[in-house]
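Colleague: To start, I am sharing the structure in question, which I have written as structure tokens.
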Amino acid sequence: MSQPRETRPRPEYAAPQRVSASIAASTDNHLEVDGATKSFGGTQVLKGVNLAVAKGGTTAIVGPSGSGKTTLLRLIAGFEAPDAGSISLNGQLVAGGGTWTPAHRRQVGYVAQDGALFPHLSVGQNVAFGLGRHGRAASARVAELLEMVSMDPAYAKRRPNQLSGGQQQRVALARALAREPELMLLDEPFSALDAGLRTATRRAVAKTLTAAGVTTILVTHDQAEALSFADQVAVMRDGRLAQIGNPFVVYTRPADQATAEFLGDAVILEAWMEGTLATCSLGGIPVRRPPAQGRVRLMLRPEQIRIAEDGPIRGVVVDTDYFGPETTVRIQLAPLTPDPRRPPDPHQPKGGEIISIRHWNAMLARPGNELSLRVVGEGVAFPFA
């Protein structure tokens with residue numbers, strides 16, 4: 001019995017992989033990646049990745065260079081085949097279990113880091129490349145697509161080298177949207193832009209994709225970009241997804257210390273956990289669902305530590321870095337005073353750490369000044385290692 005054209009097998013799947021029933025049958029998510037692995041030249045780049053993306057949702061995959069982000073995106077797009085595991089789109093298996101759907105049949109759009117526009121074609125010709133039509137109908141659709149990405153249709157007559165970096169990325173997005181994809185993959189599309197243009201372009205792209213109802217996956221190494229762009233953030237490290245969740249939850253309650261430090265500045269202190277209270281150089285800090293009792297590492301974000309006249313904690317300014325609207329202040333905290341009611345314990349935190357916080361008043365935070373501090377909110381505890 002012949003197979004449908006969309007699911008013809010490829011040679012590398014001579015030994016079919018066992019696919020979980022939940023992946024094969026699920027239709028609640030637009031994308032489901034189940035146990036995907038991939039190696040190149042004996043180096044394993046992906047080590048059993050599981051990822052689900054809801055229909056119409058926006059997911060940012062963030063991680064350091066070499067963590068496997070782009071490889072995962074290429075597997076989803078159909079440019080590469082996973083060595084093991086499976087990938088499903090709209091409940092239909094497209095890779096794994098002896099099935100392979102080629103890239104051009106996956107209803108997936110792809111925007112690369114450099115936009116990859118054809119330099120010998122005009123903007124209009126670039127956008128029309130994926131339309132499969134010519135004449136007035138194509139011209140009208142090109143104008144519509146350019147307006148969709150906040151560009152004047154008059155730009156259709158220009159060449160790519162006559163556009164700014166941000167405009168080129170918008171044209172690349174319009175070209176990808178021309179095929180009316182159900183899933184859009186963005187591979188660090190804003191990384192070559194300067195800071196101001198990057199923010200404006202990112203907002204315009206996000207607005208366009210949301211209005212079109214297109215499920216979107218953004219790959220980036222920029223933590224702030226991931227947190228602001230997506231409704232789901234997946235943190236990748238060493239070929240695995242270390243944590244997946246709502247941006248607020250991932251930032252404020254990271255799964256481990258490495259994730260905490262990658263997603264932004266973190267204040268890490270030795271602490272002693274009793275119940276749900278961690279005692280450290282900044283006093284007693286409440287912790288939700290502590291992972292252990294006794295000796296732990298406590299994580300706070302710098303913005304949780306405030307300079308306050310009535311603050312119960314004292315520290316001395318070591319030095320500062322001025323950044324205009326805010327100043328990074330390094331503060332030496334006082335050593336902890338041992339509890340005379342308890343016998344000496346070498347595992348009890350000693351205190352006296354140097355921490356970094358941010359403050360708007362550069363004149364207040366001068367080296368040598370003693371400051372009063374107050375902590376706002378909860379901390380996150382990690383087992384001591």
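By convention here, the chains of the structure tokens are called A, B, ... in the order presented, each chain's residues are numbered starting at 1, and ligands are numbered starting at 1 in the order presented.
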Just want the 10 Å neighbourhood of region 251-267 of chain A, counted on only C-alpha atoms, with same-chain residues fewer than 5 positions away dropped. Output as a tab-separated table (two decimals) with N, CA, C and O atoms, in the first residue's frame.
Modeller:
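Final output, saved to result01.tsv:
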```
chain	number	residue	atom	x	y	z
A	62	VAL	N	15.93	30.10	24.60
A	62	VAL	CA	17.08	30.93	24.94
A	62	VAL	C	18.18	30.05	25.53
A	62	VAL	O	17.90	29.08	26.24
A	63	GLY	N	19.41	30.39	25.23
A	63	GLY	CA	20.53	29.62	25.76
A	63	GLY	C	21.83	30.13	25.19
A	63	GLY	O	21.85	30.88	24.20
A	64	PRO	N	22.96	29.75	25.78
A	64	PRO	CA	24.26	30.21	25.29
A	64	PRO	C	24.59	29.61	23.93
A	64	PRO	O	23.96	28.63	23.50
A	221	HIS	N	19.90	34.31	22.06
A	221	HIS	CA	20.78	34.19	23.23
A	221	HIS	C	20.60	35.39	24.14
A	221	HIS	O	21.28	35.51	25.16
A	222	ASP	N	19.67	36.30	23.78
A	222	ASP	CA	19.41	37.51	24.54
A	222	ASP	C	18.29	37.25	25.54
A	222	ASP	O	17.12	37.07	25.16
A	223	GLN	N	18.62	37.26	26.83
A	223	GLN	CA	17.64	36.92	27.86
A	223	GLN	C	16.47	37.89	27.89
A	223	GLN	O	15.31	37.49	27.98
A	224	ALA	N	16.77	39.20	27.84
A	224	ALA	CA	15.71	40.20	27.89
A	224	ALA	C	14.77	40.06	26.70
A	224	ALA	O	13.55	40.23	26.83
A	226	ALA	N	14.06	37.31	25.04
A	226	ALA	CA	13.23	36.12	25.25
A	226	ALA	C	12.10	36.41	26.23
A	226	ALA	O	10.93	36.05	26.00
A	227	LEU	N	12.42	37.08	27.33
A	227	LEU	CA	11.43	37.33	28.36
A	227	LEU	C	10.34	38.30	27.90
A	227	LEU	O	9.18	38.19	28.30
A	233	VAL	N	8.89	30.58	27.77
A	233	VAL	CA	10.34	30.61	27.60
A	233	VAL	C	10.90	29.23	27.90
A	233	VAL	O	10.56	28.60	28.91
A	235	VAL	N	14.54	27.38	28.39
A	235	VAL	CA	15.97	27.63	28.61
A	235	VAL	C	16.74	26.37	28.22
A	235	VAL	O	16.53	25.30	28.79
A	236	MET	N	17.63	26.51	27.23
A	236	MET	CA	18.40	25.37	26.76
A	236	MET	C	19.83	25.45	27.25
A	236	MET	O	20.45	26.52	27.23
A	237	ARG	N	20.34	24.30	27.70
A	237	ARG	CA	21.73	24.24	28.16
A	237	ARG	C	22.27	22.85	27.87
A	237	ARG	O	21.67	21.85	28.26
A	242	ALA	N	16.53	23.00	30.17
A	242	ALA	CA	16.66	23.02	31.62
A	242	ALA	C	15.38	23.44	32.31
A	242	ALA	O	15.08	23.00	33.42
A	243	GLN	N	14.59	24.30	31.65
A	243	GLN	CA	13.33	24.76	32.24
A	243	GLN	C	12.45	25.35	31.16
A	243	GLN	O	12.92	26.00	30.22
A	244	ILE	N	11.14	25.12	31.26
A	244	ILE	CA	10.16	25.68	30.34
A	244	ILE	C	9.02	26.25	31.16
A	244	ILE	O	8.53	25.61	32.09
A	245	GLY	N	8.59	27.48	30.83
A	245	GLY	CA	7.47	28.03	31.56
A	245	GLY	C	7.18	29.47	31.20
A	245	GLY	O	7.81	30.06	30.32
A	246	ASN	N	6.22	30.04	31.90
A	246	ASN	CA	5.87	31.45	31.77
A	246	ASN	C	7.10	32.30	32.06
A	246	ASN	O	7.87	32.00	32.97
A	288	ARG	N	9.47	29.87	49.05
A	288	ARG	CA	8.34	29.00	48.74
A	288	ARG	C	8.85	27.62	48.34
A	288	ARG	O	9.72	27.49	47.48
A	297	ARG	N	21.86	27.40	49.04
A	297	ARG	CA	22.23	28.65	48.36
A	297	ARG	C	20.94	29.40	48.06
A	297	ARG	O	19.99	28.83	47.52
A	298	LEU	N	20.92	30.67	48.40
A	298	LEU	CA	19.73	31.50	48.24
A	298	LEU	C	19.93	32.45	47.07
A	298	LEU	O	20.97	33.11	46.96
A	299	MET	N	18.92	32.53	46.19
A	299	MET	CA	18.99	33.43	45.05
A	299	MET	C	17.96	34.55	45.19
A	299	MET	O	16.79	34.31	45.47
A	300	LEU	N	18.42	35.78	45.00
A	300	LEU	CA	17.56	36.95	44.90
A	300	LEU	C	17.95	37.72	43.65
A	300	LEU	O	19.11	37.68	43.22
A	301	ARG	N	17.01	38.42	43.05
A	301	ARG	CA	17.32	39.31	41.95
A	301	ARG	C	17.73	40.67	42.52
A	301	ARG	O	17.21	41.10	43.57
A	302	PRO	N	18.68	41.36	41.87
A	302	PRO	CA	19.16	42.64	42.41
A	302	PRO	C	18.06	43.65	42.69
A	302	PRO	O	18.15	44.42	43.65
A	303	GLU	N	17.00	43.65	41.86
A	303	GLU	CA	15.93	44.63	42.05
A	303	GLU	C	15.11	44.37	43.31
A	303	GLU	O	14.33	45.23	43.73
A	304	GLN	N	15.27	43.19	43.93
A	304	GLN	CA	14.58	42.90	45.18
A	304	GLN	C	15.26	43.54	46.38
A	304	GLN	O	14.67	43.61	47.46
A	305	ILE	N	16.48	43.99	46.22
A	305	ILE	CA	17.24	44.56	47.34
A	305	ILE	C	17.23	46.08	47.19
A	305	ILE	O	17.80	46.63	46.24
A	353	GLU	N	29.38	38.77	52.49
A	353	GLU	CA	29.55	38.72	51.03
A	353	GLU	C	29.48	40.13	50.41
A	353	GLU	O	28.95	41.07	51.00
A	354	ILE	N	29.98	40.22	49.20
A	354	ILE	CA	29.83	41.44	48.40
A	354	ILE	C	28.75	41.17	47.36
A	354	ILE	O	28.84	40.19	46.60
A	355	ILE	N	27.72	41.99	47.34
A	355	ILE	CA	26.61	41.82	46.40
A	355	ILE	C	26.53	43.02	45.48
A	355	ILE	O	27.09	44.09	45.76
A	356	SER	N	25.83	42.85	44.36
A	356	SER	CA	25.59	43.95	43.42
A	356	SER	C	24.10	44.22	43.31
A	356	SER	O	23.31	43.28	43.12
A	357	ILE	N	23.71	45.48	43.45
A	357	ILE	CA	22.32	45.88	43.27
A	357	ILE	C	22.29	47.06	42.31
A	357	ILE	O	23.34	47.55	41.87
A	378	GLU	N	10.13	37.13	47.91
A	378	GLU	CA	10.67	35.84	48.31
A	378	GLU	C	11.99	35.55	47.61
A	378	GLU	O	12.30	36.10	46.57
A	379	GLY	N	12.76	34.65	48.22
A	379	GLY	CA	13.96	34.15	47.59
A	379	GLY	C	13.71	32.76	47.02
A	379	GLY	O	12.66	32.16	47.22
A	380	VAL	N	14.71	32.26	46.29
A	380	VAL	CA	14.66	30.90	45.74
A	380	VAL	C	15.86	30.15	46.29
A	380	VAL	O	16.99	30.64	46.20
A	381	ALA	N	15.63	28.98	46.85
A	381	ALA	CA	16.72	28.20	47.46
A	381	ALA	C	17.11	27.05	46.54
A	381	ALA	O	16.24	26.39	45.93
A	382	PHE	N	18.43	26.80	46.44
A	382	PHE	CA	18.95	25.68	45.70
A	382	PHE	C	19.76	24.82	46.67
A	382	PHE	O	20.41	25.33	47.58
A	383	PRO	N	19.73	23.50	46.50
A	383	PRO	CA	20.53	22.65	47.36
A	383	PRO	C	22.00	23.04	47.32
A	383	PRO	O	22.52	23.41	46.26
```
Colleague: Using only C-alpha atoms, which protein or nucleic acid residues come within 9 Å of Gln168 (chain A)? Drop anything in the same chain fewer than 2 positions from it, and give the result as a ChimeraX atom specification.
Modeller: /A:114-117,123,160-161,163-166,170-173
Colleague: Okay, now the selection with all heavy atoms, as an mmCIF file, in the first residue's frame?
Modeller:
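Contents of result.cif, as written:
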```
data_model
loop_
_atom_site.group_PDB
_atom_site.id
_atom_site.type_symbol
_atom_site.label_atom_id
_atom_site.label_comp_id
_atom_site.auth_asym_id
_atom_site.auth_seq_id
_atom_site.Cartn_x
_atom_site.Cartn_y
_atom_site.Cartn_z
ATOM 1 N N ASP A 114 20.350 36.646 9.201
ATOM 2 C CA ASP A 114 20.717 37.706 8.264
ATOM 3 C C ASP A 114 19.599 38.030 7.274
ATOM 4 O O ASP A 114 19.787 38.822 6.352
ATOM 5 C CB ASP A 114 21.986 37.319 7.494
ATOM 6 C CG ASP A 114 21.817 36.013 6.716
ATOM 7 O OD1 ASP A 114 20.718 35.427 6.784
ATOM 8 O OD2 ASP A 114 22.775 35.588 6.043
ATOM 9 N N GLY A 115 18.427 37.433 7.454
ATOM 10 C CA GLY A 115 17.311 37.693 6.548
ATOM 11 C C GLY A 115 17.362 36.888 5.275
ATOM 12 O O GLY A 115 16.343 36.490 4.736
ATOM 13 N N ALA A 116 18.590 36.658 4.743
ATOM 14 C CA ALA A 116 18.814 35.830 3.542
ATOM 15 C C ALA A 116 17.971 36.296 2.362
ATOM 16 O O ALA A 116 17.401 35.480 1.627
ATOM 17 C CB ALA A 116 18.540 34.350 3.861
ATOM 18 N N LEU A 117 17.891 37.605 2.147
ATOM 19 C CA LEU A 117 17.185 38.114 0.972
ATOM 20 C C LEU A 117 18.030 37.893 -0.276
ATOM 21 O O LEU A 117 19.260 37.869 -0.221
ATOM 22 C CB LEU A 117 16.888 39.612 1.141
ATOM 23 C CG LEU A 117 15.989 40.009 2.312
ATOM 24 C CD1 LEU A 117 15.823 41.526 2.358
ATOM 25 C CD2 LEU A 117 14.627 39.333 2.213
ATOM 26 N N VAL A 123 12.720 44.231 -3.621
ATOM 27 C CA VAL A 123 11.965 43.871 -2.421
ATOM 28 C C VAL A 123 10.678 43.149 -2.806
ATOM 29 O O VAL A 123 10.316 42.106 -2.242
ATOM 30 C CB VAL A 123 11.650 45.131 -1.584
ATOM 31 C CG1 VAL A 123 10.579 44.830 -0.526
ATOM 32 C CG2 VAL A 123 12.912 45.653 -0.926
ATOM 33 N N PRO A 160 17.493 45.128 -1.779
ATOM 34 C CA PRO A 160 17.813 44.930 -0.364
ATOM 35 C C PRO A 160 18.933 45.828 0.151
ATOM 36 O O PRO A 160 18.888 46.271 1.299
ATOM 37 C CB PRO A 160 18.214 43.449 -0.311
ATOM 38 C CG PRO A 160 17.407 42.817 -1.406
ATOM 39 C CD PRO A 160 17.381 43.849 -2.500
ATOM 40 N N ASN A 161 19.934 46.135 -0.703
ATOM 41 C CA ASN A 161 21.048 46.963 -0.225
ATOM 42 C C ASN A 161 20.668 48.430 -0.051
ATOM 43 O O ASN A 161 21.473 49.233 0.419
ATOM 44 C CB ASN A 161 22.259 46.846 -1.160
ATOM 45 C CG ASN A 161 21.978 47.341 -2.577
ATOM 46 O OD1 ASN A 161 20.883 47.817 -2.889
ATOM 47 N ND2 ASN A 161 22.976 47.230 -3.447
ATOM 48 N N LEU A 163 18.059 49.183 1.851
ATOM 49 C CA LEU A 163 17.252 49.153 3.069
ATOM 50 C C LEU A 163 18.151 49.103 4.297
ATOM 51 O O LEU A 163 19.295 48.641 4.238
ATOM 52 C CB LEU A 163 16.340 47.919 3.078
ATOM 53 C CG LEU A 163 15.382 47.729 1.902
ATOM 54 C CD1 LEU A 163 14.601 46.447 2.097
ATOM 55 C CD2 LEU A 163 14.444 48.929 1.747
ATOM 56 N N SER A 164 17.610 49.556 5.423
ATOM 57 C CA SER A 164 18.304 49.409 6.701
ATOM 58 C C SER A 164 18.210 47.952 7.158
ATOM 59 O O SER A 164 17.438 47.157 6.609
ATOM 60 C CB SER A 164 17.687 50.316 7.761
ATOM 61 O OG SER A 164 16.377 49.860 8.089
ATOM 62 N N GLY A 165 18.988 47.608 8.179
ATOM 63 C CA GLY A 165 18.948 46.246 8.705
ATOM 64 C C GLY A 165 17.573 45.850 9.199
ATOM 65 O O GLY A 165 17.096 44.733 8.954
ATOM 66 N N GLY A 166 16.909 46.770 9.893
ATOM 67 C CA GLY A 166 15.572 46.476 10.397
ATOM 68 C C GLY A 166 14.567 46.287 9.273
ATOM 69 O O GLY A 166 13.687 45.417 9.351
ATOM 70 N N ARG A 170 12.242 42.931 8.175
ATOM 71 C CA ARG A 170 10.792 42.975 7.968
ATOM 72 C C ARG A 170 10.421 42.408 6.608
ATOM 73 O O ARG A 170 9.382 41.749 6.460
ATOM 74 C CB ARG A 170 10.289 44.407 8.116
ATOM 75 C CG ARG A 170 10.434 44.955 9.519
ATOM 76 C CD ARG A 170 9.761 46.295 9.673
ATOM 77 N NE ARG A 170 10.127 46.949 10.919
ATOM 78 C CZ ARG A 170 9.539 48.019 11.394
ATOM 79 N NH1 ARG A 170 8.531 48.563 10.743
ATOM 80 N NH2 ARG A 170 9.938 48.566 12.535
ATOM 81 N N VAL A 171 11.257 42.678 5.597
ATOM 82 C CA VAL A 171 11.011 42.099 4.275
ATOM 83 C C VAL A 171 11.142 40.578 4.339
ATOM 84 O O VAL A 171 10.344 39.845 3.742
ATOM 85 C CB VAL A 171 11.991 42.685 3.236
ATOM 86 C CG1 VAL A 171 11.862 41.944 1.902
ATOM 87 C CG2 VAL A 171 11.729 44.165 3.030
ATOM 88 N N ALA A 172 12.147 40.085 5.075
ATOM 89 C CA ALA A 172 12.311 38.639 5.228
ATOM 90 C C ALA A 172 11.086 38.026 5.897
ATOM 91 O O ALA A 172 10.645 36.923 5.533
ATOM 92 C CB ALA A 172 13.577 38.341 6.042
ATOM 93 N N LEU A 173 10.527 38.735 6.868
ATOM 94 C CA LEU A 173 9.315 38.253 7.528
ATOM 95 C C LEU A 173 8.140 38.251 6.560
ATOM 96 O O LEU A 173 7.352 37.297 6.515
ATOM 97 C CB LEU A 173 9.001 39.124 8.744
ATOM 98 C CG LEU A 173 7.728 38.763 9.511
ATOM 99 C CD1 LEU A 173 7.846 37.385 10.125
ATOM 100 C CD2 LEU A 173 7.442 39.806 10.593
#
```
Colleague: As a ChimeraX atom specification, please: all residues of region 105-253 of chain A that backbone DSSP puts in strand (DSSP E).
Modeller: /A:108-111,183-187,215-220,232-237,240-245
Colleague: May I have all residues of region 102-321 of chain A that DSSP, computed from the backbone, assigns to helix (DSSP H, G or I), given as a VMD selection string?
Modeller: chain A and resid 103 to 105 123 to 128 135 to 148 153 to 157 160 to 162 165 to 177 195 to 212 223 to 229 247 to 252 257 to 263 302 to 304
Colleague: Which polymer residues have any atom within 8 Å of an atom of region 361-376 of chain A, counting only C-alpha atoms, with same-chain residues fewer than 6 positions away left out, as a ChimeraX atom specification?
Modeller: /A:282,285,304-320,322,326-327,329
Colleague: For N, CA, C and O atoms, I'd like the residues from the last selection saved as an mmCIF file, in the first residue's frame.
Modeller:
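Written output follows (out-v7.cif):
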```cif
data_model
loop_
_atom_site.group_PDB
_atom_site.id
_atom_site.type_symbol
_atom_site.label_atom_id
_atom_site.label_comp_id
_atom_site.auth_asym_id
_atom_site.auth_seq_id
_atom_site.Cartn_x
_atom_site.Cartn_y
_atom_site.Cartn_z
ATOM 1 N N LEU A 282 21.371 38.932 54.490
ATOM 2 C CA LEU A 282 20.296 39.913 54.302
ATOM 3 C C LEU A 282 19.116 39.661 55.219
ATOM 4 O O LEU A 282 18.015 40.160 55.004
ATOM 5 N N ILE A 285 14.784 35.450 54.943
ATOM 6 C CA ILE A 285 14.103 35.587 53.660
ATOM 7 C C ILE A 285 13.143 34.414 53.477
ATOM 8 O O ILE A 285 13.557 33.253 53.552
ATOM 9 N N GLN A 304 15.275 43.189 43.926
ATOM 10 C CA GLN A 304 14.576 42.902 45.178
ATOM 11 C C GLN A 304 15.256 43.541 46.382
ATOM 12 O O GLN A 304 14.666 43.608 47.460
ATOM 13 N N ILE A 305 16.484 43.988 46.218
ATOM 14 C CA ILE A 305 17.244 44.563 47.337
ATOM 15 C C ILE A 305 17.230 46.080 47.188
ATOM 16 O O ILE A 305 17.797 46.628 46.243
ATOM 17 N N ARG A 306 16.554 46.754 48.096
ATOM 18 C CA ARG A 306 16.325 48.199 47.996
ATOM 19 C C ARG A 306 17.133 48.962 49.048
ATOM 20 O O ARG A 306 17.313 48.483 50.180
ATOM 21 N N ILE A 307 17.578 50.123 48.673
ATOM 22 C CA ILE A 307 18.176 51.055 49.646
ATOM 23 C C ILE A 307 17.022 51.783 50.329
ATOM 24 O O ILE A 307 16.201 52.420 49.676
ATOM 25 N N ALA A 308 16.929 51.659 51.651
ATOM 26 C CA ALA A 308 15.822 52.247 52.408
ATOM 27 C C ALA A 308 16.338 52.776 53.740
ATOM 28 O O ALA A 308 17.108 52.106 54.430
ATOM 29 N N GLU A 309 15.905 53.975 54.097
ATOM 30 C CA GLU A 309 16.389 54.595 55.341
ATOM 31 C C GLU A 309 16.085 53.746 56.560
ATOM 32 O O GLU A 309 16.857 53.715 57.516
ATOM 33 N N ASP A 310 14.948 53.042 56.552
ATOM 34 C CA ASP A 310 14.560 52.238 57.706
ATOM 35 C C ASP A 310 14.902 50.757 57.524
ATOM 36 O O ASP A 310 14.398 49.898 58.236
ATOM 37 N N GLY A 311 15.754 50.455 56.529
ATOM 38 C CA GLY A 311 16.101 49.065 56.258
ATOM 39 C C GLY A 311 16.860 48.432 57.416
ATOM 40 O O GLY A 311 17.715 49.087 58.042
ATOM 41 N N PRO A 312 16.609 47.146 57.714
ATOM 42 C CA PRO A 312 17.236 46.496 58.858
ATOM 43 C C PRO A 312 18.645 45.973 58.585
ATOM 44 O O PRO A 312 19.346 45.573 59.509
ATOM 45 N N ILE A 313 19.085 45.981 57.332
ATOM 46 C CA ILE A 313 20.390 45.424 56.968
ATOM 47 C C ILE A 313 21.363 46.557 56.649
ATOM 48 O O ILE A 313 20.991 47.556 56.026
ATOM 49 N N ARG A 314 22.603 46.385 57.082
ATOM 50 C CA ARG A 314 23.631 47.390 56.824
ATOM 51 C C ARG A 314 24.675 46.843 55.863
ATOM 52 O O ARG A 314 25.015 45.660 55.880
ATOM 53 N N GLY A 315 25.179 47.752 55.014
ATOM 54 C CA GLY A 315 26.241 47.390 54.089
ATOM 55 C C GLY A 315 27.040 48.619 53.716
ATOM 56 O O GLY A 315 26.545 49.751 53.801
ATOM 57 N N VAL A 316 28.271 48.420 53.299
ATOM 58 C CA VAL A 316 29.155 49.515 52.933
ATOM 59 C C VAL A 316 29.441 49.451 51.436
ATOM 60 O O VAL A 316 29.765 48.384 50.895
ATOM 61 N N VAL A 317 29.321 50.589 50.744
ATOM 62 C CA VAL A 317 29.539 50.646 49.306
ATOM 63 C C VAL A 317 31.019 50.402 48.999
ATOM 64 O O VAL A 317 31.899 51.083 49.540
ATOM 65 N N VAL A 318 31.283 49.439 48.133
ATOM 66 C CA VAL A 318 32.660 49.146 47.709
ATOM 67 C C VAL A 318 33.019 49.967 46.482
ATOM 68 O O VAL A 318 34.035 50.664 46.450
ATOM 69 N N ASP A 319 32.204 49.894 45.444
ATOM 70 C CA ASP A 319 32.405 50.707 44.240
ATOM 71 C C ASP A 319 31.109 50.723 43.436
ATOM 72 O O ASP A 319 30.133 50.038 43.776
ATOM 73 N N THR A 320 31.101 51.515 42.373
ATOM 74 C CA THR A 320 29.895 51.663 41.557
ATOM 75 C C THR A 320 30.268 51.700 40.077
ATOM 76 O O THR A 320 31.403 52.009 39.706
ATOM 77 N N TYR A 322 28.445 53.490 36.710
ATOM 78 C CA TYR A 322 27.388 54.429 36.337
ATOM 79 C C TYR A 322 26.897 54.116 34.924
ATOM 80 O O TYR A 322 27.683 54.006 33.984
ATOM 81 N N GLU A 326 20.603 54.407 35.764
ATOM 82 C CA GLU A 326 20.799 53.604 36.968
ATOM 83 C C GLU A 326 22.280 53.351 37.197
ATOM 84 O O GLU A 326 23.100 53.510 36.289
ATOM 85 N N THR A 327 22.600 53.005 38.433
ATOM 86 C CA THR A 327 23.977 52.733 38.820
ATOM 87 C C THR A 327 24.041 51.348 39.463
ATOM 88 O O THR A 327 23.185 51.000 40.281
ATOM 89 N N VAL A 329 25.647 49.099 42.071
ATOM 90 C CA VAL A 329 26.331 49.372 43.342
ATOM 91 C C VAL A 329 26.786 48.050 43.951
ATOM 92 O O VAL A 329 25.982 47.136 44.166
#
```
Colleague: Quick one: everything within 10 Å of Gly284 (chain A), counting only C-alpha atoms, minus sequence neighbours fewer than 2 positions away in the same chain. Send it as a PyMOL selection string.
Modeller: chain A and resi 271-273+276-282+286-287+375+379
Colleague: Go ahead and save the residues from that selection, with C-alpha atoms, as a PDB file, in the first residue's frame.
Modeller:
```pdb
ATOM      1  CA  ALA A 271      21.918  30.558  53.809  1.00  0.00           C
ATOM      2  CA  TRP A 272      20.508  28.277  56.486  1.00  0.00           C
ATOM      3  CA  MET A 273      17.016  26.961  55.808  1.00  0.00           C
ATOM      4  CA  THR A 276      10.360  28.145  54.872  1.00  0.00           C
ATOM      5  CA  LEU A 277      12.742  30.803  56.237  1.00  0.00           C
ATOM      6  CA  ALA A 278      16.308  31.186  54.932  1.00  0.00           C
ATOM      7  CA  THR A 279      18.698  33.090  57.213  1.00  0.00           C
ATOM      8  CA  CYS A 280      21.549  34.845  55.415  1.00  0.00           C
ATOM      9  CA  SER A 281      23.489  38.133  55.357  1.00  0.00           C
ATOM     10  CA  LEU A 282      20.296  39.913  54.302  1.00  0.00           C
ATOM     11  CA  PRO A 286      10.906  33.585  53.007  1.00  0.00           C
ATOM     12  CA  VAL A 287      11.213  30.768  50.454  1.00  0.00           C
ATOM     13  CA  VAL A 375      14.630  42.884  50.795  1.00  0.00           C
ATOM     14  CA  GLY A 379      13.961  34.146  47.591  1.00  0.00           C
TER      15      GLY A 379
END
```
Colleague: I need the residue nearest Leu218 (chain A) from this list: A:Pro346, A:Gly283, A:Gly109, A:Pro338. Use only C-alpha atoms for the distance.
Modeller: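 Using only C-alpha atoms, Leu218 (chain A) sits closest to A:Gly109.
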Colleague: If I take CA of Leu51 (chain A) and CA of Phe79 (chain A), how far is one from the other in Å, to one decimal?
Modeller: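 That distance, rounded to one decimal, is 18.0 Å.
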